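Colleague: File name structure_5.cif; file contents mmCIF, C-alpha atoms and all ligand atoms; full text below.
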data_query
loop_
_atom_site.group_PDB
_atom_site.id
_atom_site.type_symbol
_atom_site.label_atom_id
_atom_site.label_comp_id
_atom_site.auth_asym_id
_atom_site.auth_seq_id
_atom_site.Cartn_x
_atom_site.Cartn_y
_atom_site.Cartn_z
ATOM 1 C CA MET A 560 151.276 80.969 82.184
ATOM 2 C CA ASP A 561 149.429 84.100 81.044
ATOM 3 C CA GLU A 562 149.716 82.978 77.457
ATOM 4 C CA GLN A 563 148.353 79.470 78.155
ATOM 5 C CA VAL A 564 145.470 80.829 80.230
ATOM 6 C CA ARG A 565 144.562 83.289 77.464
ATOM 7 C CA ALA A 566 144.551 80.493 74.871
ATOM 8 C CA ALA A 567 142.462 78.248 77.150
ATOM 9 C CA ALA A 568 140.008 81.098 77.809
ATOM 10 C CA LEU A 569 139.544 81.513 74.084
ATOM 11 C CA ARG A 570 139.002 77.791 73.593
ATOM 12 C CA LEU A 571 136.577 77.395 76.506
ATOM 13 C CA GLY A 572 134.915 80.779 75.981
ATOM 14 C CA ASP A 573 135.343 81.465 79.696
ATOM 15 C CA ARG A 574 138.367 83.261 81.193
ATOM 16 C CA ASN A 575 137.373 82.568 84.778
ATOM 17 C CA GLU A 576 137.084 78.834 84.135
ATOM 18 C CA ALA A 577 140.462 78.803 82.363
ATOM 19 C CA ALA A 578 142.061 80.498 85.380
ATOM 20 C CA ARG A 579 140.355 78.075 87.785
ATOM 21 C CA LEU A 580 141.711 75.121 85.795
ATOM 22 C CA ALA A 581 145.182 76.674 85.895
ATOM 23 C CA ALA A 582 144.887 77.039 89.674
ATOM 24 C CA LEU A 583 143.886 73.396 89.873
ATOM 25 C CA ALA A 584 146.747 72.187 87.651
ATOM 26 C CA LEU A 585 149.344 74.228 89.540
ATOM 27 C CA GLU A 586 147.784 73.523 92.959
ATOM 28 C CA GLN A 587 147.798 77.232 93.708
ATOM 29 C CA PRO A 588 145.068 79.643 94.831
ATOM 30 C CA LEU A 589 143.256 81.469 92.011
ATOM 31 C CA ALA A 590 144.807 84.805 93.037
ATOM 32 C CA TRP A 591 148.288 83.288 92.485
ATOM 33 C CA ILE A 592 147.466 82.650 88.809
ATOM 34 C CA PHE A 593 146.690 86.340 88.260
ATOM 35 C CA ALA A 594 149.643 87.611 90.314
ATOM 36 C CA HIS A 595 152.332 85.257 88.931
ATOM 37 C CA GLY A 596 151.233 84.871 85.307
ATOM 38 C CA ASP A 597 154.638 85.847 83.908
ATOM 39 C CA GLU A 598 156.666 83.273 85.912
ATOM 40 C CA PRO A 599 158.305 80.400 83.983
ATOM 41 C CA LEU A 600 156.637 77.078 84.670
ATOM 42 C CA ASP A 601 157.635 73.434 84.894
ATOM 43 C CA PRO A 602 156.625 71.882 81.516
ATOM 44 C CA ARG A 603 154.934 69.025 83.404
ATOM 45 C CA LEU A 604 152.512 71.514 84.962
ATOM 46 C CA ILE A 605 151.816 73.101 81.595
ATOM 47 C CA HIS A 606 151.089 69.620 80.238
ATOM 48 C CA ARG A 607 148.764 68.865 83.144
ATOM 49 C CA PHE A 608 146.919 72.148 82.528
ATOM 50 C CA ALA A 609 146.601 71.392 78.794
ATOM 51 C CA GLU A 610 145.094 67.972 79.584
ATOM 52 C CA MET A 611 142.544 69.535 81.914
ATOM 53 C CA VAL A 612 141.584 72.115 79.295
ATOM 54 C CA ASP A 613 141.162 69.316 76.721
ATOM 55 C CA ARG A 614 138.804 67.407 79.008
ATOM 56 C CA ARG A 615 136.801 70.519 79.821
ATOM 57 C CA ALA A 616 136.597 71.397 76.106
ATOM 58 C CA GLN A 617 135.107 67.917 75.556
ATOM 59 C CA GLY A 618 132.394 68.814 78.085
ATOM 60 C CA VAL A 619 133.656 66.910 81.160
ATOM 61 C CA PRO A 620 132.138 68.757 84.154
ATOM 62 C CA PHE A 621 134.530 70.998 86.072
ATOM 63 C CA ALA A 622 133.704 69.160 89.318
ATOM 64 C CA TYR A 623 134.812 65.809 87.861
ATOM 65 C CA ILE A 624 138.101 67.322 86.673
ATOM 66 C CA ALA A 625 138.636 68.916 90.076
ATOM 67 C CA GLY A 626 137.386 65.786 91.892
ATOM 68 C CA ARG A 627 135.540 67.993 94.328
ATOM 69 C CA CYS A 628 132.523 70.217 94.723
ATOM 70 C CA GLU A 629 131.291 72.590 97.419
ATOM 71 C CA PHE A 630 127.930 71.897 99.027
ATOM 72 C CA PHE A 631 126.360 73.665 102.004
ATOM 73 C CA GLY A 632 129.706 75.270 102.870
ATOM 74 C CA ARG A 633 131.748 72.059 102.821
ATOM 75 C CA ASP A 634 134.013 70.396 100.326
ATOM 76 C CA PHE A 635 132.880 67.025 98.922
ATOM 77 C CA SER A 636 134.877 64.556 96.854
ATOM 78 C CA VAL A 637 133.076 63.637 93.651
ATOM 79 C CA SER A 638 133.771 61.184 90.847
ATOM 80 C CA PRO A 639 131.814 60.112 87.761
ATOM 81 C CA ALA A 640 130.164 57.504 90.038
ATOM 82 C CA VAL A 641 128.057 60.211 91.699
ATOM 83 C CA LEU A 642 125.786 63.073 90.773
ATOM 84 C CA ILE A 643 127.510 66.423 91.199
ATOM 85 C CA PRO A 644 125.774 68.077 94.187
ATOM 86 C CA ARG A 645 123.497 70.903 93.041
ATOM 87 C CA PRO A 646 122.783 74.232 94.797
ATOM 88 C CA GLU A 647 119.005 73.468 94.612
ATOM 89 C CA THR A 648 119.564 70.500 96.915
ATOM 90 C CA GLU A 649 120.765 72.867 99.637
ATOM 91 C CA HIS A 650 117.080 73.860 100.057
ATOM 92 C CA LEU A 651 116.338 70.288 101.116
ATOM 93 C CA VAL A 652 119.042 70.544 103.780
ATOM 94 C CA GLU A 653 117.809 73.973 104.928
ATOM 95 C CA TRP A 654 114.218 72.756 105.230
ATOM 96 C CA SER A 655 115.366 69.674 107.201
ATOM 97 C CA LEU A 656 117.248 71.891 109.649
ATOM 98 C CA GLU A 657 114.163 74.077 110.189
ATOM 99 C CA LEU A 658 111.895 71.173 111.203
ATOM 100 C CA PRO A 659 110.932 70.841 114.874
ATOM 101 C CA LEU A 660 112.751 67.519 115.363
ATOM 102 C CA PRO A 661 113.992 65.983 118.621
ATOM 103 C CA ASP A 662 117.655 66.522 119.586
ATOM 104 C CA ASP A 663 118.364 62.835 118.993
ATOM 105 C CA ALA A 664 116.267 62.588 115.820
ATOM 106 C CA ARG A 665 116.613 59.592 113.494
ATOM 107 C CA ILE A 666 117.240 60.677 109.919
ATOM 108 C CA LEU A 667 117.407 58.696 106.666
ATOM 109 C CA ASP A 668 118.694 59.856 103.256
ATOM 110 C CA VAL A 669 117.617 57.647 100.345
ATOM 111 C CA GLY A 670 119.927 57.672 97.284
ATOM 112 C CA THR A 671 122.777 59.425 99.004
ATOM 113 C CA GLY A 672 125.281 59.614 96.107
ATOM 114 C CA SER A 673 128.260 61.636 97.344
ATOM 115 C CA GLY A 674 126.585 61.793 100.769
ATOM 116 C CA CYS A 675 126.198 65.548 100.459
ATOM 117 C CA ILE A 676 122.748 65.695 102.111
ATOM 118 C CA ILE A 677 123.178 63.276 105.017
ATOM 119 C CA LEU A 678 126.743 64.383 105.814
ATOM 120 C CA SER A 679 125.706 68.054 105.823
ATOM 121 C CA LEU A 680 122.868 67.210 108.215
ATOM 122 C CA ALA A 681 125.146 65.126 110.436
ATOM 123 C CA ALA A 682 127.733 67.916 110.530
ATOM 124 C CA GLU A 683 125.086 70.527 111.433
ATOM 125 C CA ARG A 684 123.324 68.316 114.025
ATOM 126 C CA PRO A 685 125.917 66.048 115.645
ATOM 127 C CA ASN A 686 123.305 64.422 117.922
ATOM 128 C CA TRP A 687 121.106 63.220 115.094
ATOM 129 C CA HIS A 688 121.301 59.507 114.205
ATOM 130 C CA CYS A 689 121.972 59.536 110.484
ATOM 131 C CA THR A 690 121.648 56.702 107.958
ATOM 132 C CA ALA A 691 121.797 56.691 104.169
ATOM 133 C CA THR A 692 121.193 54.167 101.409
ATOM 134 C CA ASP A 693 122.194 53.885 97.774
ATOM 135 C CA ILE A 694 121.786 51.188 95.150
ATOM 136 C CA SER A 695 125.223 52.017 93.699
ATOM 137 C CA LYS A 696 128.224 50.530 95.532
ATOM 138 C CA ALA A 697 130.503 52.919 93.621
ATOM 139 C CA ALA A 698 128.490 55.906 94.885
ATOM 140 C CA LEU A 699 128.600 54.574 98.466
ATOM 141 C CA ALA A 700 132.398 54.334 98.194
ATOM 142 C CA VAL A 701 132.507 58.068 97.409
ATOM 143 C CA ALA A 702 130.112 58.802 100.295
ATOM 144 C CA ALA A 703 132.446 56.812 102.581
ATOM 145 C CA ILE A 704 135.421 58.947 101.487
ATOM 146 C CA ASN A 705 133.430 62.077 102.318
ATOM 147 C CA ARG A 706 132.327 60.641 105.679
ATOM 148 C CA GLU A 707 135.975 60.082 106.502
ATOM 149 C CA ARG A 708 137.116 63.519 105.301
ATOM 150 C CA LEU A 709 134.370 65.259 107.286
ATOM 151 C CA GLN A 710 135.048 63.066 110.324
ATOM 152 C CA LEU A 711 131.494 61.846 110.706
ATOM 153 C CA PRO A 712 132.001 58.124 111.439
ATOM 154 C CA GLN A 713 128.597 57.915 113.129
ATOM 155 C CA VAL A 714 126.780 58.127 109.750
ATOM 156 C CA ARG A 715 125.649 54.678 108.566
ATOM 157 C CA LEU A 716 125.907 53.939 104.828
ATOM 158 C CA LEU A 717 123.857 50.992 103.576
ATOM 159 C CA HIS A 718 123.785 49.331 100.194
ATOM 160 C CA GLY A 719 120.460 48.463 98.548
ATOM 161 C CA SER A 720 117.340 49.740 96.858
ATOM 162 C CA LEU A 721 115.403 52.598 98.480
ATOM 163 C CA LEU A 722 114.493 51.626 102.090
ATOM 164 C CA GLU A 723 114.960 47.888 101.608
ATOM 165 C CA PRO A 724 118.307 47.648 103.491
ATOM 166 C CA LEU A 725 116.606 48.866 106.692
ATOM 167 C CA ASP A 726 115.123 46.588 109.339
ATOM 168 C CA GLU A 727 114.119 49.310 111.739
ATOM 169 C CA THR A 728 111.236 51.810 111.666
ATOM 170 C CA GLY A 729 110.637 55.055 113.583
ATOM 171 C CA PHE A 730 112.512 57.652 111.492
ATOM 172 C CA ASP A 731 111.708 61.278 112.343
ATOM 173 C CA LEU A 732 112.740 62.485 108.908
ATOM 174 C CA ILE A 733 113.360 60.809 105.557
ATOM 175 C CA VAL A 734 114.946 62.945 102.834
ATOM 176 C CA SER A 735 115.692 62.079 99.246
ATOM 177 C CA ASN A 736 116.909 63.571 96.021
ATOM 178 C CA PRO A 737 116.028 60.533 93.926
ATOM 179 C CA PRO A 738 116.469 60.058 90.186
ATOM 180 C CA TYR A 739 113.487 61.894 88.667
ATOM 181 C CA VAL A 740 114.258 62.592 85.007
ATOM 182 C CA ALA A 741 112.049 60.832 82.463
ATOM 183 C CA ALA A 742 113.981 58.298 80.365
ATOM 184 C CA GLY A 743 114.548 59.859 76.960
ATOM 185 C CA ASP A 744 114.265 63.453 78.226
ATOM 186 C CA PRO A 745 116.263 65.631 75.777
ATOM 187 C CA HIS A 746 117.994 67.388 78.732
ATOM 188 C CA LEU A 747 119.980 64.160 79.239
ATOM 189 C CA GLU A 748 121.879 65.002 76.048
ATOM 190 C CA GLN A 749 122.973 68.434 77.290
ATOM 191 C CA GLY A 750 125.714 69.841 79.526
ATOM 192 C CA ASP A 751 127.084 68.130 82.641
ATOM 193 C CA VAL A 752 124.373 65.450 82.842
ATOM 194 C CA ARG A 753 125.831 63.704 79.767
ATOM 195 C CA PHE A 754 128.714 62.626 82.038
ATOM 196 C CA GLU A 755 126.720 61.769 85.177
ATOM 197 C CA PRO A 756 125.623 58.197 86.004
ATOM 198 C CA GLU A 757 122.300 57.342 84.404
ATOM 199 C CA ILE A 758 121.206 55.493 87.560
ATOM 200 C CA ALA A 759 121.406 58.830 89.405
ATOM 201 C CA LEU A 760 119.222 60.608 86.872
ATOM 202 C CA THR A 761 116.443 58.602 85.272
ATOM 203 C CA ALA A 762 113.414 56.825 86.702
ATOM 204 C CA GLY A 763 110.931 55.353 84.255
ATOM 205 C CA PRO A 764 108.944 56.913 81.443
ATOM 206 C CA ASN A 765 107.726 59.967 83.416
ATOM 207 C CA GLY A 766 110.482 60.220 86.042
ATOM 208 C CA LEU A 767 108.100 59.532 88.943
ATOM 209 C CA GLU A 768 108.520 55.775 89.188
ATOM 210 C CA LEU A 769 110.906 55.686 92.155
ATOM 211 C CA ILE A 770 109.215 58.575 93.973
ATOM 212 C CA GLY A 771 105.934 56.640 94.289
ATOM 213 C CA THR A 772 107.686 53.538 95.662
ATOM 214 C CA LEU A 773 109.766 55.682 98.016
ATOM 215 C CA MET A 774 106.593 57.273 99.440
ATOM 216 C CA ALA A 775 104.988 53.878 99.996
ATOM 217 C CA GLN A 776 108.075 52.454 101.759
ATOM 218 C CA ALA A 777 108.665 55.625 103.809
ATOM 219 C CA ARG A 778 105.091 55.474 105.132
ATOM 220 C CA TYR A 779 106.050 52.262 106.996
ATOM 221 C CA LYS A 780 109.462 53.423 108.161
ATOM 222 C CA LEU A 781 108.521 56.882 109.490
ATOM 223 C CA ALA A 782 107.534 57.504 113.100
ATOM 224 C CA PRO A 783 103.978 58.854 113.520
ATOM 225 C CA GLY A 784 104.198 62.568 112.673
ATOM 226 C CA GLY A 785 107.546 62.000 110.882
ATOM 227 C CA TRP A 786 108.495 63.991 107.802
ATOM 228 C CA LEU A 787 109.262 63.002 104.223
ATOM 229 C CA LEU A 788 111.037 65.633 102.050
ATOM 230 C CA ILE A 789 111.666 64.896 98.369
ATOM 231 C CA GLU A 790 113.495 66.923 95.754
ATOM 232 C CA HIS A 791 111.978 66.661 92.281
ATOM 233 C CA GLY A 792 112.007 68.075 88.761
ATOM 234 C CA TYR A 793 111.086 71.661 87.886
ATOM 235 C CA ASP A 794 107.649 70.605 86.568
ATOM 236 C CA GLN A 795 106.803 67.768 88.985
ATOM 237 C CA ALA A 796 105.579 69.582 92.127
ATOM 238 C CA ALA A 797 101.843 69.099 91.406
ATOM 239 C CA ALA A 798 102.313 65.414 90.547
ATOM 240 C CA VAL A 799 104.474 64.803 93.642
ATOM 241 C CA CYS A 800 101.903 66.552 95.901
ATOM 242 C CA ARG A 801 99.160 64.395 94.401
ATOM 243 C CA LEU A 802 101.198 61.222 94.957
ATOM 244 C CA MET A 803 101.859 62.250 98.567
ATOM 245 C CA ARG A 804 98.143 62.759 99.179
ATOM 246 C CA ASP A 805 97.392 59.387 97.554
ATOM 247 C CA HIS A 806 99.897 57.746 99.925
ATOM 248 C CA GLY A 807 98.162 59.290 102.948
ATOM 249 C CA TYR A 808 100.632 62.029 103.908
ATOM 250 C CA GLU A 809 99.436 65.250 105.570
ATOM 251 C CA SER A 810 100.586 68.902 105.785
ATOM 252 C CA ILE A 811 101.890 68.680 102.221
ATOM 253 C CA GLU A 812 103.707 71.694 100.782
ATOM 254 C CA SER A 813 106.265 72.499 98.088
ATOM 255 C CA ARG A 814 109.131 74.932 98.493
ATOM 256 C CA ARG A 815 110.763 77.041 95.806
ATOM 257 C CA ASP A 816 114.442 77.328 94.907
ATOM 258 C CA LEU A 817 116.218 80.642 94.293
ATOM 259 C CA ALA A 818 114.902 80.678 90.718
ATOM 260 C CA GLY A 819 111.340 80.563 92.120
ATOM 261 C CA ILE A 820 110.776 76.958 90.977
ATOM 262 C CA GLU A 821 109.009 74.478 93.275
ATOM 263 C CA ARG A 822 111.830 72.001 93.902
ATOM 264 C CA VAL A 823 111.187 70.198 97.164
ATOM 265 C CA THR A 824 107.899 68.742 98.385
ATOM 266 C CA GLY A 825 107.319 67.550 101.921
ATOM 267 C CA GLY A 826 104.616 66.031 104.059
ATOM 268 C CA THR A 827 104.100 64.172 107.318
ATOM 269 C CA LYS A 828 102.908 60.716 108.205
ATOM 270 C CA PRO A 829 99.689 61.091 110.223
ATOM 271 C CA ALA A 830 100.387 61.239 113.958
ATOM 272 C CA CYS A 831 97.922 58.437 114.711
HETATM 273 C C1 LIG B 1 119.848 62.360 91.929
HETATM 274 S S1 LIG B 1 121.123 61.365 92.670
HETATM 275 C C2 LIG B 1 121.241 62.199 94.244
HETATM 276 C C3 LIG B 1 122.567 62.037 94.916
HETATM 277 C C4 LIG B 1 122.729 62.919 96.159
HETATM 278 N N1 LIG B 1 121.738 62.594 97.169
HETATM 279 C C5 LIG B 1 122.649 64.394 95.799
HETATM 280 O O1 LIG B 1 121.639 65.017 96.142
HETATM 281 O O2 LIG B 1 123.568 64.909 95.160
HETATM 282 C C6 LIG B 1 120.212 59.901 93.039
HETATM 283 C C7 LIG B 1 120.954 58.795 93.759
HETATM 284 O O3 LIG B 1 120.036 57.725 93.967
HETATM 285 C C8 LIG B 1 120.696 56.482 93.736
HETATM 286 N N2 LIG B 1 119.659 55.508 93.367
HETATM 287 C C9 LIG B 1 119.102 55.262 92.165
HETATM 288 N N3 LIG B 1 118.170 54.294 92.273
HETATM 289 C C10 LIG B 1 118.142 53.925 93.567
HETATM 290 C C11 LIG B 1 117.397 52.973 94.313
HETATM 291 N N4 LIG B 1 116.465 52.195 93.752
HETATM 292 N N5 LIG B 1 117.655 52.852 95.639
HETATM 293 C C12 LIG B 1 118.590 53.609 96.249
HETATM 294 N N6 LIG B 1 119.324 54.531 95.590
HETATM 295 C C13 LIG B 1 119.102 54.695 94.276
HETATM 296 C C14 LIG B 1 121.704 56.773 92.655
HETATM 297 O O4 LIG B 1 122.759 55.831 92.694
HETATM 298 C C15 LIG B 1 122.143 58.193 93.018
HETATM 299 O O5 LIG B 1 123.250 58.172 93.882
#
Now that the file is in, can you turn its structure into structure tokens?
Modeller:
Amino acid sequence: MDEQVRAAALRLGDRNEAARLAALALEQPLAWIFAHGDEPLDPRLIHRFAEMVDRRAQGVPFAYIAGRCEFFGRDFSVSPAVLIPRPETEHLVEWSLELPLPDDARILDVGTGSGCIILSLAAERPNWHCTATDISKAALAVAAINRERLQLPQVRLLHGSLLEPLDETGFDLIVSNPPYVAAGDPHLEQGDVRFEPEIALTAGPNGLELIGTLMAQARYKLAPGGWLLIEHGYDQAAAVCRLMRDHGYESIESRRDLAGIERVTGGTKPAC
């Protein structure tokens, strides 16, 4: 295997990634690959490894090849039907967990994708009443697999646009990592995003189209004093704050990610 991993490392320009793909193909821990590199291997496994290296060399994201991705300390199934959960989004989860919410709070995640946000919140706060929506049935199917794997049957998954599938009001917290990339943004032609669903990425000519509608709908669905937290693009914090003010939210602030970029903006519906 040593020889194949060396060749793959050369092709991918990344020895660690080559070893991780080998671990995946052989269904062994990474340490096994380094410790047993000289062992003869079943040709079928070598073939499987070669196929994975080919896909990765074509740019297919590692998470799609693996079919999984870690988020907030848990393993999530992913497929090309969903956005690959990003580390930046963990700030949205952290902020949600810091809020002074009731023990039996009602939480909504809009555009849930793999379910990474709402299922992390439900796992951390088992008494919260958690609901999520997505316009993509294929994405909801992945979220349902993750709900099952994480044994969180209490989380409701609803199909439809933004908050439209919901009859009820009175949410204590609404969170969302909506599509926010401007259509035609050159970043869409680079790296992993080339393989991610467009419906998970783009929203109108400036990327803010869905965020404005989400704010308007959330204003009706939140309880007085309830919170709305939205993840957005690296250069959208000022525009999102302005939109929140225009929609009548209070206590508006933006939080930075580990790179120091304002990534999540939140505000509250007035208490009366
Ligand atoms: C940026 S992805 C976020 C996925 C996941 N919440 C995460 O953070 O990894 C946006 C998600 O919003 C969904 N979406 C796009 N337009 C929508 C709409 N009008 N209503 C509900 N969901 C929508 C997409 O299908 C996608 O799953």
Colleague: Just give me the gap between atom C3 of ligand LIG 1 (chain B) and atom CA of A:Pro588 in Å, one decimal is fine.
Modeller: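 Straight-line distance from atom C3 of ligand LIG 1 (chain B) to atom CA of A:Pro588 works out to 28.6 Å.
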Colleague: Residues picked by the PyMOL selection byres (((chain A and resi 578) around 12) and not hetatm) here, as a count of residues only?
Modeller: 38
Colleague: Looking at A:Leu716, A:Ala830, A:Leu642, A:Leu769, which one is nearest to A:Ile677, with distances taken over all atoms listed in the file?
Modeller: A:Leu716
Colleague: I would like the residues chosen by the PyMOL selection byres (((chain A and resi 813) around 9) and not hetatm) on the shown file; could you give them as a list of chain:residue names?
Modeller: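 Evaluating the PyMOL selection byres (((chain A and resi 813) around 9) and not hetatm) on these coordinates yields A:Ala796, A:Ala797, A:Cys800, A:Ile811, A:Glu812, A:Arg814, A:Arg815, A:Glu821, A:Arg822, A:Val823, A:Thr824, A:Gly825, A:Gly826.
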Colleague: Report as a PyMOL selection string which protein, DNA and RNA residues come within 7 Å of ligand LIG 1 (chain B), using only C-alpha atoms and all ligand atoms.
Modeller: chain A and resi 641-645+648+669-676+692-695+698+719-721+735-738+758-760+769
